[in-house]
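Here is start09.cif, consisting of mmCIF, C-alpha atoms:
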```
data_my_file
#
loop_
_atom_site.label_atom_id
_atom_site.label_comp_id
_atom_site.auth_asym_id
_atom_site.auth_seq_id
_atom_site.Cartn_x
_atom_site.Cartn_y
_atom_site.Cartn_z
CA MET A 19 150.20 179.68 153.94
CA LYS A 20 149.24 176.73 156.14
CA ALA A 21 145.55 177.33 155.42
CA ARG A 22 146.14 177.46 151.67
CA ILE A 23 148.08 174.21 151.76
CA LEU A 24 145.37 172.49 153.80
CA LEU A 25 142.62 173.71 151.47
CA ALA A 26 144.59 172.55 148.45
CA ALA A 27 145.08 169.15 150.01
CA LEU A 28 141.39 168.81 150.79
CA THR A 29 140.44 169.85 147.27
CA ALA A 30 142.93 167.44 145.76
CA ALA A 31 141.62 164.62 147.93
CA VAL A 32 138.05 165.23 146.81
CA LEU A 33 139.03 165.47 143.17
CA GLY A 34 141.11 162.33 143.47
CA VAL A 35 138.22 160.34 144.90
CA SER A 36 135.89 161.68 142.23
CA ALA A 37 138.23 160.68 139.44
CA THR A 38 138.79 157.16 140.72
CA ALA A 39 135.32 156.28 141.96
CA CYS A 40 133.10 157.69 139.24
CA GLY A 41 132.33 155.80 136.09
CA GLY A 42 135.02 153.15 136.21
CA ASP A 43 136.02 150.89 133.33
CA ASP A 44 133.79 147.99 134.48
CA LYS A 45 130.33 148.45 133.08
CA GLY A 46 127.23 146.38 133.63
CA ASP A 47 125.55 144.30 130.98
CA ALA A 48 124.37 146.05 127.87
CA GLY A 49 120.83 146.00 129.22
CA ALA A 50 121.72 147.39 132.66
CA GLN A 51 119.83 150.48 133.75
CA LYS A 52 122.03 153.57 134.12
CA LEU A 53 121.70 155.91 137.08
CA ASP A 54 123.60 158.69 138.85
CA PHE A 55 124.37 158.07 142.51
CA GLY A 56 125.86 160.60 144.96
CA TYR A 57 127.95 159.92 148.04
CA ILE A 58 130.25 161.54 150.59
CA ALA A 59 133.88 160.42 150.70
CA ASP A 60 134.01 158.96 154.21
CA TYR A 61 133.22 155.57 155.75
CA ASN A 62 129.61 156.36 156.60
CA GLY A 63 128.87 157.90 153.23
CA SER A 64 130.56 155.40 150.95
CA ALA A 65 130.97 151.97 152.61
CA LEU A 66 127.85 150.49 151.02
CA LEU A 67 128.87 151.74 147.59
CA ALA A 68 132.37 150.30 148.06
CA ILE A 69 130.84 146.93 148.90
CA ALA A 70 128.41 147.12 145.97
CA ASP A 71 131.34 147.80 143.67
CA GLN A 72 133.55 145.04 145.10
CA GLU A 73 130.82 142.40 145.28
CA LYS A 74 129.34 143.37 141.90
CA LEU A 75 125.93 143.98 143.44
CA TRP A 76 125.05 146.60 140.83
CA GLU A 77 125.54 144.15 137.97
CA ARG A 78 123.67 141.43 139.86
CA ASN A 79 120.65 143.71 140.09
CA GLY A 80 120.80 145.01 136.53
CA LEU A 81 122.17 148.48 137.32
CA ASP A 82 125.01 150.56 135.88
CA PRO A 83 125.71 153.52 138.23
CA GLU A 84 127.86 156.57 137.75
CA LEU A 85 129.04 157.53 141.24
CA LYS A 86 129.51 161.22 142.01
CA VAL A 87 131.27 162.56 145.11
CA PHE A 88 129.86 165.49 147.13
CA THR A 89 131.03 167.29 150.25
CA ASN A 90 127.64 167.28 152.00
CA GLY A 91 124.03 166.17 151.86
CA PRO A 92 122.25 169.42 150.95
CA LEU A 93 124.24 169.64 147.71
CA GLN A 94 122.98 166.18 146.78
CA ILE A 95 119.37 167.15 147.48
CA GLN A 96 119.88 170.12 145.14
CA ALA A 97 121.30 167.79 142.50
CA LEU A 98 118.31 165.45 142.90
CA GLY A 99 115.96 168.37 142.38
CA ALA A 100 117.88 169.52 139.31
CA GLY A 101 117.80 166.05 137.76
CA ASP A 102 121.58 165.59 138.03
CA LEU A 103 121.27 162.69 140.50
CA ASP A 104 118.89 159.76 140.88
CA PHE A 105 120.00 158.75 144.40
CA GLY A 106 122.28 160.14 147.08
CA TYR A 107 123.48 159.93 150.67
CA ILE A 108 122.77 162.42 153.47
CA GLY A 109 123.77 162.69 157.10
CA PRO A 110 121.26 163.42 159.89
CA GLY A 111 121.72 167.17 159.62
CA ALA A 112 120.21 167.20 156.13
CA LEU A 113 117.09 165.18 156.98
CA TRP A 114 115.05 168.38 157.12
CA LEU A 115 115.22 168.45 153.32
CA PRO A 116 113.28 165.22 152.68
CA ALA A 117 111.06 166.11 155.65
CA SER A 118 110.18 169.33 153.81
CA GLY A 119 109.21 167.39 150.69
CA GLN A 120 112.38 167.84 148.64
CA ALA A 121 113.34 164.14 148.52
CA LYS A 122 112.35 160.68 149.73
CA VAL A 123 114.31 158.49 152.15
CA VAL A 124 114.73 154.98 150.71
CA THR A 125 116.62 153.50 153.66
CA VAL A 126 118.26 154.43 156.93
CA ASN A 127 121.96 153.66 156.64
CA SER A 128 123.33 153.98 160.16
CA LEU A 129 123.16 155.97 163.37
CA GLY A 130 125.85 158.64 163.42
CA LEU A 131 128.34 159.44 166.16
CA ALA A 132 130.75 161.63 164.17
CA ASP A 133 129.50 165.17 164.74
CA ARG A 134 131.28 167.65 166.99
CA VAL A 135 131.48 171.27 168.05
CA ILE A 136 135.18 172.05 168.16
CA ALA A 137 137.07 175.10 169.39
CA GLN A 138 140.53 176.57 169.36
CA PRO A 139 142.90 175.71 172.26
CA GLY A 140 142.11 177.82 175.31
CA ILE A 141 138.34 177.72 174.78
CA THR A 142 137.04 175.27 177.36
CA SER A 143 133.26 175.56 177.28
CA LEU A 144 130.38 176.36 174.97
CA ALA A 145 129.83 179.55 176.98
CA ASP A 146 133.29 180.66 175.87
CA LEU A 147 132.02 180.75 172.27
CA LYS A 148 129.78 183.73 173.07
CA GLY A 149 130.69 186.53 170.70
CA LYS A 150 133.19 184.32 168.87
CA LYS A 151 133.36 183.36 165.17
CA VAL A 152 131.99 179.86 164.57
CA GLY A 153 132.11 178.25 161.13
CA VAL A 154 129.39 175.83 160.05
CA PRO A 155 128.25 174.21 156.79
CA GLU A 156 124.61 175.22 156.42
CA GLY A 157 121.95 172.53 156.69
CA THR A 158 124.41 169.77 157.59
CA SER A 159 125.20 167.65 160.63
CA GLY A 160 127.62 170.35 161.71
CA ASP A 161 124.76 172.84 161.73
CA MET A 162 122.63 170.35 163.67
CA ILE A 163 125.19 169.61 166.40
CA LEU A 164 125.97 173.32 166.83
CA THR A 165 122.26 174.12 167.26
CA LEU A 166 121.87 171.37 169.85
CA ALA A 167 125.00 172.37 171.74
CA LEU A 168 124.10 176.05 171.92
CA GLU A 169 120.61 175.23 173.16
CA LYS A 170 122.01 172.94 175.85
CA ALA A 171 124.32 175.74 176.98
CA GLY A 172 121.46 178.27 177.11
CA LEU A 173 122.70 180.11 174.02
CA THR A 174 121.31 180.78 170.55
CA ALA A 175 122.84 181.50 167.16
CA LYS A 176 122.54 185.20 168.00
CA ASP A 177 125.06 184.77 170.81
CA ILE A 178 127.84 183.80 168.40
CA GLU A 179 129.15 185.19 165.13
CA ARG A 180 127.90 182.38 162.93
CA VAL A 181 129.85 182.08 159.67
CA PRO A 182 128.37 179.78 156.95
CA MET A 183 131.15 177.88 155.13
CA ASP A 184 131.54 174.71 153.11
CA PRO A 185 133.32 171.88 154.96
CA ALA A 186 136.73 172.39 153.31
CA THR A 187 136.64 176.10 154.10
CA VAL A 188 135.75 175.34 157.73
CA ALA A 189 138.85 173.17 157.91
CA SER A 190 141.19 175.73 156.41
CA ALA A 191 139.69 178.65 158.36
CA PHE A 192 140.00 176.76 161.65
CA ALA A 193 143.58 175.71 160.86
CA SER A 194 144.58 179.31 160.16
CA GLY A 195 142.81 180.69 163.23
CA GLN A 196 140.28 182.70 161.23
CA ILE A 197 137.44 181.13 163.23
CA ASP A 198 137.26 180.29 166.92
CA GLY A 199 134.99 177.27 166.66
CA ALA A 200 133.11 175.06 164.24
CA GLY A 201 130.25 172.64 163.87
CA ILE A 202 131.84 169.83 161.85
CA TRP A 203 132.36 166.07 161.80
CA TYR A 204 134.88 163.24 161.60
CA PRO A 205 136.90 162.41 159.51
CA MET A 206 137.20 166.11 158.60
CA ILE A 207 138.26 166.77 162.21
CA ASP A 208 141.17 164.35 161.80
CA THR A 209 142.37 166.52 158.92
CA ILE A 210 142.05 169.66 161.06
CA LYS A 211 143.98 168.02 163.91
CA LYS A 212 147.03 167.75 161.68
CA SER A 213 147.30 171.54 161.94
CA VAL A 214 145.65 172.06 165.35
CA PRO A 215 146.37 168.88 167.33
CA ASP A 216 145.22 170.36 170.64
CA LEU A 217 141.81 171.57 169.44
CA VAL A 218 139.01 171.19 171.98
CA GLU A 219 135.84 169.13 171.48
CA LEU A 220 132.98 170.92 173.21
CA ALA A 221 130.03 168.73 172.16
CA LYS A 222 129.32 165.39 170.46
CA ASN A 223 126.32 163.30 169.38
CA ALA A 224 126.47 161.15 172.50
CA ASP A 225 125.78 164.21 174.67
CA PHE A 226 122.16 164.29 173.50
CA ASP A 227 119.16 162.01 174.01
CA LEU A 228 118.55 161.61 170.28
CA SER A 229 119.34 159.13 167.53
CA PHE A 230 121.08 160.56 164.49
CA PRO A 231 120.22 158.51 161.37
CA SER A 232 122.01 158.91 158.07
CA ALA A 233 120.08 157.89 155.00
CA TYR A 234 120.01 157.16 151.30
CA VAL A 235 117.57 159.31 149.36
CA THR A 236 115.99 159.68 145.96
CA GLY A 237 114.00 162.35 144.17
CA ALA A 238 110.62 163.39 145.50
CA ASP A 239 108.77 161.67 142.64
CA THR A 240 111.21 158.94 141.59
CA ALA A 241 109.31 156.16 143.37
CA GLN A 242 106.17 157.07 141.43
CA LYS A 243 107.92 157.46 138.08
CA ASP A 244 110.19 154.42 138.30
CA PRO A 245 109.27 152.10 141.20
CA GLU A 246 111.27 149.23 139.70
CA LEU A 247 114.47 151.29 139.79
CA VAL A 248 113.89 152.23 143.41
CA GLU A 249 113.36 148.60 144.36
CA LYS A 250 116.54 147.54 142.55
CA VAL A 251 118.59 150.20 144.36
CA VAL A 252 117.08 149.29 147.72
CA LYS A 253 118.01 145.66 147.06
CA VAL A 254 121.63 146.64 146.38
CA LEU A 255 121.76 148.70 149.59
CA GLN A 256 120.22 145.86 151.61
CA GLU A 257 122.71 143.31 150.28
CA ALA A 258 125.59 145.72 150.93
CA SER A 259 124.42 146.53 154.46
CA ASP A 260 124.23 142.84 155.32
CA TYR A 261 127.75 142.31 154.00
CA ARG A 262 128.91 145.29 156.10
CA SER A 263 127.37 143.79 159.24
CA ALA A 264 128.85 140.34 158.61
CA HIS A 265 132.29 141.51 157.43
CA PRO A 266 133.38 144.71 159.24
CA ALA A 267 137.12 144.26 158.57
CA GLU A 268 136.57 143.46 154.90
CA THR A 269 134.29 146.49 154.64
CA VAL A 270 137.08 148.73 155.93
CA ARG A 271 139.45 147.32 153.32
CA ALA A 272 136.89 147.75 150.54
CA THR A 273 136.12 151.32 151.60
CA ALA A 274 139.79 152.23 151.92
CA ALA A 275 140.42 150.92 148.40
CA PHE A 276 137.36 152.73 147.06
CA LEU A 277 138.42 156.05 148.61
CA LYS A 278 142.17 155.44 148.15
CA LEU A 279 142.79 156.06 151.85
CA PRO A 280 144.91 154.22 154.46
CA GLU A 281 143.01 151.42 156.18
CA ALA A 282 143.92 152.83 159.61
CA GLN A 283 142.19 156.09 158.74
CA VAL A 284 139.03 154.31 157.60
CA THR A 285 139.09 152.07 160.70
CA ALA A 286 139.11 155.17 162.91
CA ASP A 287 136.23 156.63 160.94
CA GLN A 288 134.27 153.37 161.23
CA LYS A 289 134.08 153.87 165.01
CA ASN A 290 131.92 156.96 164.46
CA SER A 291 129.08 154.93 162.96
CA GLN A 292 126.53 152.42 164.24
CA PRO A 293 125.66 150.43 161.09
CA LEU A 294 122.24 148.91 160.48
CA SER A 295 121.55 145.64 158.68
CA THR A 296 118.44 144.82 156.64
CA ALA A 297 116.97 142.99 159.63
CA ASP A 298 117.70 146.01 161.85
CA VAL A 299 116.01 148.50 159.54
CA THR A 300 113.05 146.19 158.90
CA ALA A 301 112.48 145.60 162.61
CA LYS A 302 113.01 149.25 163.56
CA THR A 303 110.60 150.34 160.84
CA ALA A 304 107.96 147.87 162.02
CA ASP A 305 108.19 148.82 165.70
CA GLY A 306 108.13 152.57 165.03
CA SER A 307 111.74 153.26 165.98
CA VAL A 308 112.65 154.75 162.60
CA ASP A 309 109.62 157.05 162.79
CA SER A 310 110.73 158.08 166.27
CA TRP A 311 114.25 158.86 165.02
CA LEU A 312 112.93 160.92 162.14
CA LYS A 313 110.42 162.78 164.30
CA GLY A 314 113.19 163.56 166.79
CA MET A 315 115.22 165.13 164.01
CA SER A 316 112.22 167.04 162.70
CA GLN A 317 111.50 168.48 166.15
CA LEU A 318 115.06 169.77 166.20
CA PHE A 319 114.62 171.31 162.76
CA VAL A 320 111.37 173.01 163.80
CA GLY A 321 113.23 174.59 166.70
CA ALA A 322 115.98 175.70 164.33
CA GLY A 323 113.47 177.26 161.94
CA LYS A 324 114.11 174.83 159.08
CA LEU A 325 110.68 173.20 159.31
CA LYS A 326 107.32 174.75 160.22
CA GLU A 327 105.97 171.54 161.74
CA VAL A 328 106.89 167.91 162.31
CA PRO A 329 105.66 165.88 159.32
CA GLU A 330 104.63 162.25 159.47
CA PRO A 331 107.65 160.15 158.41
CA SER A 332 105.38 158.14 156.09
CA THR A 333 105.18 161.22 153.85
CA TYR A 334 108.89 160.99 153.00
CA TYR A 335 110.26 157.64 154.25
CA LEU A 336 109.59 154.75 151.85
CA GLY A 337 109.48 152.16 154.61
CA ASP A 338 106.81 150.16 152.80
CA VAL A 339 109.07 149.80 149.76
CA TYR A 340 111.98 148.78 151.97
CA GLY A 341 109.88 146.11 153.67
CA LYS A 342 108.56 144.85 150.34
CA VAL A 343 112.06 144.39 148.95
CA ALA A 344 113.34 142.81 152.17
CA GLY A 345 110.49 140.29 152.05
CA LYS A 346 111.31 139.04 148.57
#
```

Before anything else, please render the file you have as structure tokens.
Amino acid sequence: MKARILLAALTAAVLGVSATACGGDDKGDAGAQKLDFGYIADYNGSALLAIADQEKLWERNGLDPELKVFTNGPLQIQALGAGDLDFGYIGPGALWLPASGQAKVVTVNSLGLADRVIAQPGITSLADLKGKKVGVPEGTSGDMILTLALEKAGLTAKDIERVPMDPATVASAFASGQIDGAGIWYPMIDTIKKSVPDLVELAKNADFDLSFPSAYVTGADTAQKDPELVEKVVKVLQEASDYRSAHPAETVRATAAFLKLPEAQVTADQKNSQPLSTADVTAKTADGSVDSWLKGMSQLFVGAGKLKEVPEPSTYYLGDVYGKVAGK
């Protein structure tokens, strides 16, 4: 019963955000360009869109977006490929998809600190997960952190009973004791803690010598088909990221209103993100840091079997476009 209630609550929360954040009453000018934009309903995945909405950055740049909520990045990449989205947001665990040619990265959003491997009370080490059921959303940051943690512990996916699940099902299965562990992230873990307050965190991003960039993405050929649209969207994201850097408290309030969540909950989620301003991304692109971050992720994905080789970031990161827009 507890699991069903939790799953219902999660589903209701997602549906509630979708209904309130997508296609509001305020439309841009008659000549504004329409587009479909995906996001994830947490601080990292929606703060810039909340700011763009509040500060009317879309209208200022001649855009009229319909915002669509998703539970993870891979689903947005699928939607981009199907023509149901023009732009979207992905966490670091989904970067293998643009690296494999399925999308283009238009900007790095932040460096993530939210991912965890969690376990039921009584499990005290990664070694204790051997032979146990571990839930994980495929191709996400949860998948990524689990892969890293197992490798660090001298284990592989074959040493556990790996159970692919969507994020909401991970939460309900963990709450009901159907799985022993999970690769998942905050703020989803806060939801799980309401049912399992003494869960154990076995691994986190900070345990590894890697940077974990989240990103905004577009279709694989969008920049060629409509470069003006890409530049307009990048401009909105740059203006929003600079507002976020200059006004952290106001950004929390805007995001909480956008997601219809308590400000305290969004404040806690904010701590799991290292935001990047336009100046940060421009400088880190110029000095090769962004390439290094992306190559680090790709090396992980090669080891996990998601990529055959490490591609050059220039094949899927539109850093030149970002720099061009920033220089205007």

Counting all atoms listed in the file, the residue of A:Ala322, A:Phe276, A:Val188, A:Ala65 that sits nearest A:Thr165 =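 Ranked by minimum distance to A:Thr165, first place goes to A:Ala322.
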
request  = Excluding stretch 191-193 of chain A and any residue of its chain fewer than 5 positions from it, enumerate the residues within 7 Å of it, using all atoms listed in the file, and give them as a ChimeraX atom specification.
outcome  = /A:21,198,210,213-214

task = Apply the PyMOL selection byres ((chain A and resi 271) around 12) to the structure shown and report the selected residues as an MDAnalysis selection string.
result = chainID A and resid 61 65 68:69 72 262 265:270 272:285 288

Go ahead and write the selection's residues with C-alpha atoms as a short mmCIF file (atom, residue, chain, number, x, y, z; two decimals), in the coordinates of the input.
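Final output, again_26.cif:
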```cif
data_model
loop_
_atom_site.label_atom_id
_atom_site.label_comp_id
_atom_site.auth_asym_id
_atom_site.auth_seq_id
_atom_site.Cartn_x
_atom_site.Cartn_y
_atom_site.Cartn_z
CA TYR A 61 133.22 155.57 155.75
CA ALA A 65 130.97 151.97 152.61
CA ALA A 68 132.37 150.30 148.06
CA ILE A 69 130.84 146.93 148.90
CA GLN A 72 133.55 145.04 145.10
CA ARG A 262 128.91 145.29 156.10
CA HIS A 265 132.29 141.51 157.43
CA PRO A 266 133.38 144.71 159.24
CA ALA A 267 137.12 144.26 158.57
CA GLU A 268 136.57 143.46 154.90
CA THR A 269 134.29 146.49 154.64
CA VAL A 270 137.08 148.73 155.93
CA ALA A 272 136.89 147.75 150.54
CA THR A 273 136.12 151.32 151.60
CA ALA A 274 139.79 152.23 151.92
CA ALA A 275 140.42 150.92 148.40
CA PHE A 276 137.36 152.73 147.06
CA LEU A 277 138.42 156.05 148.61
CA LYS A 278 142.17 155.44 148.15
CA LEU A 279 142.79 156.06 151.85
CA PRO A 280 144.91 154.22 154.46
CA GLU A 281 143.01 151.42 156.18
CA ALA A 282 143.92 152.83 159.61
CA GLN A 283 142.19 156.09 158.74
CA VAL A 284 139.03 154.31 157.60
CA THR A 285 139.09 152.07 160.70
CA GLN A 288 134.27 153.37 161.23
#
```

query = Nearest to A:Gly314 among A:Gly99, A:Gly111, A:Gly106, A:Pro83, with distances taken over only C-alpha atoms: which residue is it?
reply = A:Gly111

task = Pick out the closest residue to A:Glu73 from this set: A:Leu312, A:Ile136, A:Leu255, A:Leu336. Count all atoms listed in the file.
result =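 Closest candidate: A:Leu255.
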
task = Using the chain letters and residue numbers of this document, give as a count of residues only the residues selected by the PyMOL selection byres ((chain A and resi 80) around 8).
result = 12

Per residue of stretch 140-218 of chain A within 12 Å of stretch 222-235 of chain A, which atom pair is closest and at what distance in Å (one decimal), using all atoms listed in the file, listed by chain and increasing number, as CSV?
```
residue,atom,partner,partner_atom,distance
A:Leu144,CA,A:Lys222,CA,11.9
A:Thr158,CA,A:Ser232,CA,11.1
A:Ser159,CA,A:Phe230,CA,9.1
A:Gly160,CA,A:Lys222,CA,10.2
A:Met162,CA,A:Asn223,CA,9.8
A:Ile163,CA,A:Asn223,CA,7.1
A:Leu164,CA,A:Lys222,CA,9.3
A:Thr165,CA,A:Phe226,CA,11.6
A:Leu166,CA,A:Phe226,CA,8.0
A:Ala167,CA,A:Lys222,CA,8.3
A:Leu168,CA,A:Lys222,CA,12.0
A:Glu169,CA,A:Phe226,CA,11.1
A:Lys170,CA,A:Phe226,CA,9.0
A:Ala171,CA,A:Asp225,CA,11.8
A:Gly201,CA,A:Lys222,CA,9.8
A:Ile202,CA,A:Lys222,CA,10.0
A:Trp203,CA,A:Lys222,CA,9.2
A:Tyr204,CA,A:Lys222,CA,10.7
A:Val218,CA,A:Lys222,CA,11.4
```

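The residue that comes closest to A:Leu247, out of A:Asp104, A:Ser118, A:Asp260, A:Glu84 and on the basis of all atoms listed in the file, is A:Asp104.
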
request  = Run the PyMOL selection byres ((chain A and resi 180) around 10) on the file and write out the hits as a ChimeraX atom specification.
outcome  = /A:149-154,175-179,181-183,197,199-200

Interatomic distance, atom CA of A:Thr236 to atom CA of A:Ile207 (Å, one decimal) = 28.5 Å

May I have the residues within 10 Å of A:Asn90 as a PDB file with C-alpha atoms, keeping the file's coordinate frame, using all atoms listed in the file and disregarding those fewer than 5 positions away in the same chain?
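Printed below is part_16.pdb as written:
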```pdb
ATOM      1  CA  GLY A  56     125.860 160.600 144.960  1.00  0.00           C
ATOM      2  CA  TYR A  57     127.950 159.920 148.040  1.00  0.00           C
ATOM      3  CA  ILE A  58     130.250 161.540 150.590  1.00  0.00           C
ATOM      4  CA  ALA A  59     133.880 160.420 150.700  1.00  0.00           C
ATOM      5  CA  GLY A  63     128.870 157.900 153.230  1.00  0.00           C
ATOM      6  CA  ILE A  95     119.370 167.150 147.480  1.00  0.00           C
ATOM      7  CA  TYR A 107     123.480 159.930 150.670  1.00  0.00           C
ATOM      8  CA  ILE A 108     122.770 162.420 153.470  1.00  0.00           C
ATOM      9  CA  GLY A 109     123.770 162.690 157.100  1.00  0.00           C
ATOM     10  CA  GLY A 111     121.720 167.170 159.620  1.00  0.00           C
ATOM     11  CA  ALA A 112     120.210 167.200 156.130  1.00  0.00           C
ATOM     12  CA  PRO A 155     128.250 174.210 156.790  1.00  0.00           C
ATOM     13  CA  GLU A 156     124.610 175.220 156.420  1.00  0.00           C
ATOM     14  CA  GLY A 157     121.950 172.530 156.690  1.00  0.00           C
ATOM     15  CA  THR A 158     124.410 169.770 157.590  1.00  0.00           C
ATOM     16  CA  SER A 159     125.200 167.650 160.630  1.00  0.00           C
ATOM     17  CA  ASP A 184     131.540 174.710 153.110  1.00  0.00           C
ATOM     18  CA  PRO A 185     133.320 171.880 154.960  1.00  0.00           C
TER      19      PRO A 185
END
```
